[in-house]
file target-v6.txt (compact mmCIF, C-alpha atoms and all ligand atoms)
# COMPACT_ATOMS: atom_id res chain seq x y z
CA MET Y 29 115.30 106.55 80.31
CA ILE Y 30 117.95 108.88 78.86
CA GLY Y 31 115.69 111.89 79.38
CA TRP Y 32 115.50 111.66 83.20
CA GLN Y 33 118.64 111.00 85.20
CA PHE Y 34 120.08 112.06 88.53
CA SER Y 35 123.25 113.74 89.64
CA ASP Y 36 125.88 111.59 91.41
CA THR Y 37 125.37 113.71 94.53
CA ILE Y 38 122.16 111.91 95.49
CA GLY Y 39 124.02 108.62 95.79
CA HIS Y 40 123.95 105.28 94.04
CA GLU Y 41 121.28 103.68 96.23
CA ARG Y 42 118.66 106.37 95.68
CA THR Y 43 119.47 106.66 92.00
CA SER Y 44 119.01 102.96 91.34
CA ALA Y 45 115.69 102.88 93.26
CA LEU Y 46 114.45 105.97 91.40
CA LEU Y 47 115.40 104.57 88.00
CA ARG Y 48 113.39 101.43 88.84
CA ALA Y 49 110.29 103.41 89.86
CA PRO Y 50 106.99 101.63 89.17
CA ALA Y 51 104.10 103.26 87.29
CA PHE Y 52 102.39 106.24 88.90
CA ASP Y 53 99.29 104.28 89.92
CA GLU Y 54 101.45 101.83 91.80
CA ILE Y 55 103.29 104.65 93.61
CA VAL Y 56 99.90 106.06 94.64
CA GLU Y 57 98.79 102.65 95.94
CA THR Y 58 101.95 102.47 98.02
CA ILE Y 59 101.16 105.88 99.50
CA ALA Y 60 97.58 104.83 100.27
CA ARG Y 61 98.93 101.75 102.07
CA GLU Y 62 101.76 103.43 103.99
CA MET Y 63 100.62 106.95 104.78
CA GLN Y 64 100.19 108.05 108.36
CA VAL Y 65 98.01 111.11 108.67
CA VAL Y 66 99.33 113.48 111.33
CA CYS Y 67 96.85 116.35 111.31
CA CYS Y 68 94.32 118.29 109.32
CA HIS Y 69 93.27 121.91 109.39
CA GLN Y 70 90.76 124.27 107.99
CA GLN Y 71 92.77 127.22 106.69
CA GLU Y 72 91.38 130.60 105.72
CA CYS Y 73 92.47 132.19 102.48
CA ASP Y 74 94.74 135.24 102.84
CA ASP Y 75 93.85 136.51 99.37
CA ALA Y 76 90.06 136.18 99.37
CA LYS Y 77 87.80 136.86 102.32
CA GLY Y 78 85.26 134.16 103.12
CA PHE Y 79 87.18 131.34 101.43
CA SER Y 80 88.85 128.46 103.23
CA ARG Y 81 90.32 125.05 102.46
CA VAL Y 82 91.21 121.85 104.21
CA VAL Y 83 94.88 120.84 104.54
CA PHE Y 84 95.90 117.29 105.44
CA ASN Y 85 99.44 116.40 106.50
CA PHE Y 86 100.79 112.89 106.37
CA ARG Y 87 104.03 110.95 106.52
CA VAL Y 88 105.34 108.29 104.19
CA PRO Y 89 108.69 106.47 104.24
CA CYS Y 90 111.44 108.51 102.53
CA THR Y 91 111.77 105.90 99.79
CA THR Y 92 108.10 106.36 98.90
CA PHE Y 93 108.36 110.14 99.04
CA ASP Y 94 111.34 109.89 96.70
CA LEU Y 95 109.45 107.81 94.12
CA PHE Y 96 106.45 110.11 94.29
CA PHE Y 97 108.21 113.46 94.19
CA ASN Y 98 111.42 112.82 92.26
CA SER Y 99 111.11 109.85 89.90
CA GLU Y 100 110.30 110.11 86.23
CA HIS Y 101 107.05 108.19 86.86
CA GLY Y 102 106.13 110.29 89.87
CA TYR Y 103 103.98 113.36 90.46
CA ARG Y 104 106.30 116.02 89.11
CA GLY Y 105 107.46 113.63 86.39
CA SER Y 106 103.84 113.53 85.19
CA TYR Y 107 103.74 117.33 84.91
CA TYR Y 108 107.06 117.16 83.08
CA LEU Y 109 105.40 115.15 80.30
CA SER Y 110 102.66 117.78 79.92
CA SER Y 111 100.43 120.00 82.04
CA HIS Y 112 97.57 117.73 81.05
CA THR Y 113 99.33 114.55 82.22
CA GLY Y 114 100.22 116.27 85.47
CA LEU Y 115 96.65 117.37 86.10
CA ALA Y 116 95.43 113.82 85.46
CA ALA Y 117 98.00 112.42 87.91
CA ASN Y 118 96.96 115.05 90.46
CA GLU Y 119 93.32 114.08 90.11
CA ALA Y 120 94.20 110.39 90.41
CA VAL Y 121 96.15 110.80 93.65
CA ILE Y 122 93.60 113.16 95.21
CA SER Y 123 90.67 110.89 94.41
CA ARG Y 124 92.53 107.82 95.75
CA LEU Y 125 93.54 109.48 99.03
CA SER Y 126 90.47 111.64 99.73
CA PRO Y 127 88.25 108.93 101.21
CA LEU Y 128 91.10 107.82 103.50
CA LEU Y 129 91.75 111.40 104.63
CA LEU Y 130 88.09 112.14 105.26
CA GLN Y 131 87.74 108.92 107.20
CA TRP Y 132 90.75 109.90 109.33
CA ALA Y 133 89.19 113.33 109.99
CA GLU Y 134 85.92 111.76 111.02
CA GLN Y 135 87.73 109.66 113.61
CA HIS Y 136 90.28 112.21 114.84
CA ASP Y 137 88.99 115.73 114.31
CA SER Y 138 85.35 116.17 115.17
CA ALA Y 139 85.67 119.95 114.80
CA LEU Y 140 86.37 119.76 111.09
CA ASP Y 141 83.53 120.81 108.79
CA GLN Y 142 83.18 117.54 106.86
CA ARG Y 143 81.08 119.05 104.11
CA LEU Y 144 83.63 121.76 103.45
CA ALA Y 145 86.46 119.22 103.63
CA ALA Y 146 84.82 116.88 101.12
CA GLY Y 147 84.00 119.74 98.74
CA SER Y 148 87.46 121.24 99.12
CA LEU Y 149 89.13 117.94 98.16
CA ASP Y 150 86.67 117.31 95.35
CA SER Y 151 87.58 120.47 93.41
CA PRO Y 152 89.96 120.99 90.48
CA SER Y 153 92.53 123.08 92.37
CA ALA Y 154 93.04 120.50 95.15
CA LYS Y 155 96.68 119.41 95.03
CA VAL Y 156 99.55 117.54 96.68
CA TRP Y 157 102.92 119.02 97.61
CA LEU Y 158 105.75 118.68 100.07
CA SER Y 159 105.76 120.44 103.42
CA GLU Y 160 107.59 123.77 103.35
CA PHE Y 161 109.19 125.52 106.33
CA GLY Y 162 107.00 128.23 107.81
CA SER Y 163 103.76 126.78 106.48
CA HIS Y 164 102.81 124.82 109.59
CA LEU Y 165 99.49 125.19 111.35
CA CYS Y 166 100.33 123.08 114.40
CA LYS Y 167 103.38 121.40 115.92
CA HIS Y 168 102.68 118.19 114.01
CA CYS Y 169 102.93 119.75 110.56
CA VAL Y 170 106.17 121.71 110.95
CA GLY Y 171 107.72 121.90 107.47
CA GLU Y 172 110.85 120.12 106.34
CA TRP Y 173 111.77 121.86 103.09
CA GLY Y 174 113.44 125.23 102.58
CA ASN Y 175 114.87 127.07 99.58
CA PRO Y 176 118.10 125.45 98.35
CA SER Y 177 121.33 127.33 98.94
CA ASP Y 178 122.71 126.55 95.47
CA GLU Y 179 121.48 125.98 91.93
CA ALA Y 180 123.19 122.64 91.33
CA PRO Y 181 120.80 120.21 89.61
CA GLU Y 182 119.93 116.83 91.13
CA VAL Y 183 117.25 115.92 88.58
CA LEU Y 184 118.86 115.86 85.14
CA ASN Y 185 116.10 116.25 82.57
CA ARG Y 186 117.39 119.20 80.50
CA ARG Y 187 114.33 121.44 80.90
CA TRP Y 188 114.38 121.94 84.69
CA GLU Y 189 118.10 121.37 84.79
CA LEU Y 190 118.94 124.24 82.44
CA ALA Y 191 116.17 126.80 83.02
CA ASP Y 192 117.33 130.07 84.52
CA SER Y 193 114.52 130.77 86.96
CA PRO Y 194 114.23 130.69 90.76
CA ASN Y 195 111.46 128.09 90.41
CA ALA Y 196 113.79 125.87 88.36
CA TYR Y 197 116.56 126.24 91.00
CA ARG Y 198 114.05 124.61 93.40
CA GLY Y 199 112.47 122.27 90.87
CA ARG Y 200 115.75 120.64 89.80
CA LYS Y 201 116.44 119.49 93.36
CA ALA Y 202 115.43 115.98 94.44
CA PRO Y 203 114.66 116.33 98.15
CA CYS Y 204 114.37 113.09 100.09
CA LEU Y 205 111.84 113.88 102.80
CA SER Y 206 108.88 112.23 104.51
CA LYS Y 207 106.00 114.70 104.83
CA LEU Y 208 103.40 115.37 102.16
CA LYS Y 209 100.37 117.62 102.21
CA VAL Y 210 97.05 117.44 100.45
CA PHE Y 211 95.62 120.91 100.00
CA GLY Y 212 91.94 121.21 99.18
CA ALA Y 213 90.64 124.03 97.02
CA PHE Y 214 89.59 127.32 98.66
CA LEU Y 215 85.78 127.38 98.85
CA ASN Y 216 83.23 129.79 100.27
CA ASP Y 217 79.84 128.96 101.81
CA ARG Y 218 78.31 128.51 98.38
CA HIS Y 219 81.23 126.30 97.32
CA ASP Y 220 82.51 128.76 94.75
CA GLU Y 221 86.20 128.01 94.18
CA PHE Y 222 88.98 130.58 94.48
CA VAL Y 223 92.40 130.21 92.82
CA SER Y 224 94.96 132.94 93.43
CA GLY Y 225 96.64 134.54 90.42
CA ARG Y 226 99.98 133.12 91.61
CA LYS Y 227 98.69 129.56 91.32
CA ARG Y 228 96.53 129.89 88.21
CA HIS Y 229 99.30 128.45 86.02
CA ARG Y 230 100.60 125.89 88.51
CA ALA Y 231 100.50 123.01 86.01
CA ARG Y 232 102.39 125.00 83.39
CA ASP Y 233 104.93 126.15 86.00
CA ILE Y 234 105.68 122.61 87.18
CA ASN Y 235 105.95 121.47 83.56
CA ALA Y 236 108.51 124.19 82.82
CA TRP Y 237 110.45 124.32 86.09
CA GLY Y 238 109.45 121.41 88.33
CA TRP Y 239 108.07 123.90 90.84
CA SER Y 240 105.30 126.42 91.35
ZN ZN P 1 99.05 120.46 111.76
call {"tool": "encode", "arguments": {"input": "target-v6.txt", "output": "structure tokens", "more": "lines below"}}
Ligand SMILES: [Zn+2]
result
Amino acid sequence: MIGWQFSDTIGHERTSALLRAPAFDEIVETIAREMQVVCCHQQECDDAKGFSRVVFNFRVPCTTFDLFFNSEHGYRGSYYLSSHTGLAANEAVISRLSPLLLQWAEQHDSALDQRLAAGSLDSPSAKVWLSEFGSHLCKHCVGEWGNPSDEAPEVLNRRWELADSPNAYRGRKAPCLSKLKVFGAFLNDRHDEFVSGRKRHRARDINAWGWS
């Protein structure tokens, strides 16, 4: 446990819960049980004409968000171990949540192209992340995270804590929020997959900096 600690600034209560985090699979089960989907959208790709993806937004209790996003056993903690471990964790959470999300869409959003949505989620570049300011597509998915105003680390794990990079200034923070997003992959009509150059090395970026 020495390799992953937290700064005093996040408080004793959060720290002790985070240090007692269960295994990743158990965190994912908690999300599956607690999540409340708020909206989903089909979003066109700015970088490649003819490609679009599905984006689902959901809420979880802050304590669950914290375990998932900030604990050593969580999502980013998996990428910290290796890109490979992170990608496996990503696949595990996407495949656990996808049927629940698609079922929600079937009941609540008849306009959504279900075939695109299913294909978009069932593609390697589908991913989970927090909800950033300015990224909303309706009033329900207004973001709740913005760039930090300082570089002070909250996650103390040496690599993210000490890296001198704007991504590491973000990645070493431990935001305690409640909204998560599942982004499907960008697909065209033929279900070719598009990944922008910026995101091609996402796994490596999160491994190095905690952020992409
Ligand atoms: Zn929305």
call {"tool": "closest_residue", "arguments": {"input": "target-v6.txt", "among": "Y:Gly162, Y:Gly78, Y:Gly238, Y:Gly102", "to": "ligand ZN 1 (chain P)", "atoms": "only C-alpha atoms and all ligand atoms"}}
result
Y:Gly162
call {"tool": "residues_near_ligand", "arguments": {"input": "target-v6.txt", "ligand": "ligand ZN 1 (chain P)", "cutoff": "6 Å", "atoms": "only C-alpha atoms and all ligand atoms", "output": "list in words"}}
result
Cys67, Cys68, Leu165, Cys166, His168 and Cys169 of chain Y
call {"tool": "closest_residue", "arguments": {"input": "target-v6.txt", "among": "Y:Ala231, Y:Arg48, Y:Ser138, Y:Val66", "to": "Y:Lys167", "atoms": "all atoms listed in the file"}}
result
Y:Val66
call {"tool": "atom_distance", "arguments": {"input": "target-v6.txt", "atom1": "atom CA of Y:Asp150", "atom2": "atom CA of Y:Arg200"}}
result
29.8 Å
call {"tool": "closest_residue", "arguments": {"input": "target-v6.txt", "among": "Y:Val65, Y:Val88, Y:Leu184, Y:Ala60", "to": "Y:Asp137", "atoms": "all atoms listed in the file"}}
result
Y:Val65
call {"tool": "closest_residue", "arguments": {"input": "target-v6.txt", "among": "Y:Ala202, Y:Leu128, Y:Leu46, Y:Ala120", "to": "Y:Pro152", "atoms": "only C-alpha atoms"}}
result
Y:Ala120
call {"tool": "atom_distance", "arguments": {"input": "target-v6.txt", "atom1": "atom CA of Y:Ser123", "atom2": "atom CA of Y:Ser240"}}
result
21.6 Å
call {"tool": "closest_residue", "arguments": {"input": "target-v6.txt", "among": "Y:Asn98, Y:Gln71, Y:Ser106, Y:Thr37", "to": "Y:Phe52", "atoms": "all atoms listed in the file"}}
result
Y:Ser106
call {"tool": "atom_distance", "arguments": {"input": "target-v6.txt", "atom1": "atom CA of Y:Gly147", "atom2": "atom CA of Y:Leu215"}}
result
7.8 Å
call {"tool": "residues_around", "arguments": {"input": "target-v6.txt", "residues": "stretch 224-228 of chain Y", "least_positions_apart": "4", "cutoff": "9 Å", "atoms": "only C-alpha atoms", "output": "list of chain:residue names"}}
result
Y:Asp75, Y:Ala76, Y:Ser153, Y:Asp233, Y:Ser240
call {"tool": "residues_around", "arguments": {"input": "target-v6.txt", "residues": "stretch 32-34 of chain Y", "least_positions_apart": "6", "cutoff": "10 Å", "atoms": "only C-alpha atoms", "output": "list in words"}}
result
His40, Arg42, Thr43, Ser44, Leu46, Leu47, Asn98, Ser99, Glu100, His101, Gly105, Pro181, Glu182, Val183, Leu184, Asn185, Arg186, Arg200, Lys201 and Ala202 of chain Y
call {"tool": "closest_residue", "arguments": {"input": "target-v6.txt", "among": "Y:Leu140, Y:Gly212, Y:His112, Y:Ser206", "to": "Y:Glu62", "atoms": "only C-alpha atoms"}}
result
Y:Ser206
call {"tool": "residues_around", "arguments": {"input": "target-v6.txt", "residues": "Y:Trp173", "least_positions_apart": "4", "cutoff": "9 Å", "atoms": "only C-alpha atoms", "output": "NGL selection string"}}
result
:Y and (158-161 or 203 or 205)
call {"tool": "residues_around", "arguments": {"input": "target-v6.txt", "residues": "Y:Arg198", "least_positions_apart": "6", "cutoff": "8 Å", "atoms": "only C-alpha atoms", "output": "PyMOL selection string"}}
result
chain Y and resi 175-176+179+238-239
call {"tool": "residues_around", "arguments": {"input": "target-v6.txt", "residues": "Y:Trp157", "least_positions_apart": "5", "cutoff": "8 Å", "atoms": "only C-alpha atoms", "output": "list of chain:residue names"}}
result
Y:Leu208, Y:Lys209, Y:Val210, Y:Phe211
